[in-house]
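Below is one structure, written out as structure tokens, with a few remarks after it.
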Amino acid sequence: LLNRSSDLEMNRNLSFEPSANLATPQNYKLGPGDKVIIDIWGASQSTIQQVISPDGNIMVEDLGPVYLNGKTIQEADAYIKKVFSQIYSGLGGDDSNSSIKLSLGQNRSVLVNVMGDVENPGTYQVSSFATVFNAIYMAGGVSDLGSMRTVKLFHEGKEVATIDMYDYIRNGKVQDDIRLNDNDVVIVSPHSLLVNIDGRIRRPMYYEMKENETLANLIDYAGGLESDAYRKDVRVIRMGDFQRQIFTVDKDAQSSFRLMDGDSVYVDSIQTTFANMAEVRGAVYRPGQFQIDGGITTVNQ
């Protein structure tokens, strides 16, 4: 569960809990602790079940050690067909009378470190299918001070990715939810730019912004303006060094107006009065409100 309840992404129904029924991806890389199943059928019948050793091998009778560490499921499947053809003459070739297939029987666990501004930083044992989002879930979610926009992933001491979780939460993009390796480190940095938007907006609340994002981006994150919003300009209140400042940002400038940490944005509503209406009451056939420009122009009408 992700925790910052004042933000768009902090929906209490969103958990990121790992799925226990995930099919093995073909690009999954095998490693020590993975159990592989090798099925042979046709003229030859056999099933081999082996756990990959810490050295990255499985031990096969009449073949010896077969190195699978670091190979994807697809690569390992092609590799064992080549290797096993040495002891199974019917394997391989167009006229083969036996078939062989490698599959993952049970995946290994990996240790990952989740650090920084999460509720419970520490080291966690997770499935090798687990992703960065799963690890953050295990650590209790992002804290009130944590950033959802700059989650960093380190592998073997090198930064390999900076993940913006808004892409997933707003648009459903999962390509940045990277699968974890043993001893990876996930670091949630503190947020640096948090703003509030209120008024005639569809989702008024706090939002985390990046330094290059504008007022127009904020309005988009907040779901856009309500139908009765005053669209011509938006008020931005900013904390100065000694006093507050107010900016009235017209519609054309909203896509270039950069926000700062602590800004408070307010979208007003249009007036409830009419610009082109006259109301007729009393002893008339049709009392009520009438258009006066381009239609009714005199009392007689």
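Identifiers in the structure tokens: chain A, B, ... in order shown; residue index from 1 per chain; ligand index from 1 in order shown.
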What lies within 9 Å of His155 of chain A using only C-alpha atoms, ignoring chain neighbours under 4 positions off, as an MDAnalysis selection string? chainID A and resid 159:160 180:185
Please save C-alpha atoms of the selected residues as a short mmCIF file (atom, residue, chain, number, x, y, z; two decimals), in the first residue's frame.
data_model
loop_
_atom_site.label_atom_id
_atom_site.label_comp_id
_atom_site.auth_asym_id
_atom_site.auth_seq_id
_atom_site.Cartn_x
_atom_site.Cartn_y
_atom_site.Cartn_z
CA GLU A 159 22.30 3.32 -10.97
CA VAL A 160 20.38 1.52 -13.73
CA LEU A 180 14.60 -7.01 -9.47
CA ASN A 181 17.85 -8.96 -9.16
CA ASP A 182 19.56 -10.27 -6.06
CA ASN A 183 21.06 -7.50 -3.88
CA ASP A 184 19.45 -4.68 -5.88
CA VAL A 185 18.92 -1.41 -4.00
#
Could you pull out the residues in segment 72-225 of chain A that DSSP calls strand (DSSP E or B) from the backbone, as a PyMOL selection string? chain A and resi 72+98-106+109-116+118+122-127+131+142+146-155+158-163+179+185-190+194-199+201+205-208+214+225
DSSP helix (DSSP H, G or I) residues within segment 130-205 of chain A, listed as a PDB file with C-alpha atoms, in the first residue's frame:
ATOM      1  CA  VAL A 132      10.434  -2.173  -7.973  1.00  0.00           C
ATOM      2  CA  PHE A 133       6.783  -1.435  -7.165  1.00  0.00           C
ATOM      3  CA  ASN A 134       6.486  -4.758  -5.315  1.00  0.00           C
ATOM      4  CA  ALA A 135       9.560  -3.938  -3.227  1.00  0.00           C
ATOM      5  CA  ILE A 136       8.136  -0.545  -2.261  1.00  0.00           C
ATOM      6  CA  TYR A 137       4.911  -2.300  -1.266  1.00  0.00           C
ATOM      7  CA  MET A 138       6.887  -4.692   0.950  1.00  0.00           C
ATOM      8  CA  TYR A 166       3.097   8.701 -12.054  1.00  0.00           C
ATOM      9  CA  ASP A 167       3.448   7.073 -15.493  1.00  0.00           C
ATOM     10  CA  TYR A 168       1.998   3.866 -14.107  1.00  0.00           C
ATOM     11  CA  ILE A 169      -0.605   5.377 -11.797  1.00  0.00           C
ATOM     12  CA  ARG A 170      -1.980   7.866 -14.319  1.00  0.00           C
ATOM     13  CA  ASN A 171      -1.453   6.054 -17.628  1.00  0.00           C
TER      14      ASN A 171
END
Find the residues around Val188 of chain A up to 9 Å (only C-alpha atoms counted), leave out those fewer than 4 positions away in its own chain, and share them as a VMD selection string. chain A and resid 114 to 118 136 142 146 to 148 150 to 152
Find the residues around Asn276 of chain A up to 9 Å (only C-alpha atoms counted), leave out those fewer than 6 positions away in its own chain, and share them as an mmCIF file with C-alpha atoms, in the first residue's frame.
data_model
loop_
_atom_site.group_PDB
_atom_site.id
_atom_site.type_symbol
_atom_site.label_atom_id
_atom_site.label_comp_id
_atom_site.auth_asym_id
_atom_site.auth_seq_id
_atom_site.Cartn_x
_atom_site.Cartn_y
_atom_site.Cartn_z
ATOM 1 C CA PHE A 290 -34.932 35.337 -22.275
ATOM 2 C CA GLN A 291 -31.889 35.887 -24.475
ATOM 3 C CA ILE A 292 -31.401 39.560 -25.344
ATOM 4 C CA ASP A 293 -28.568 39.511 -27.862
#
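With only C-alpha atoms taken into account, the protein and nucleic acid residues at most 10 Å from Ala216 of chain A (excluding it and anything under 6 positions from it in its own chain) are Ala222, Gly224, Lys251, Asp252, Ala253, Gln254, Ser255, Ser256, Phe257, Arg258 and Leu259 of chain A.
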For a test of reading the model, state the distance in Å between atom CA of Asp250 of chain A and atom CA of Ser192 of chain A, rounded to one decimal. 25.9 Å
Can you tell me which residues surround segment 232-244 of chain A at a distance of at most 8 Å, considering only C-alpha atoms, apart from same-chain residues fewer than 2 positions away, and format the answer as a list in words? Tyr230, Ile246, Phe247, Thr248, Val249, Asp250, Lys251, Met260, Gly262, Asp263, Ser264, Val265, Tyr266, Val267 and Asp268 of chain A
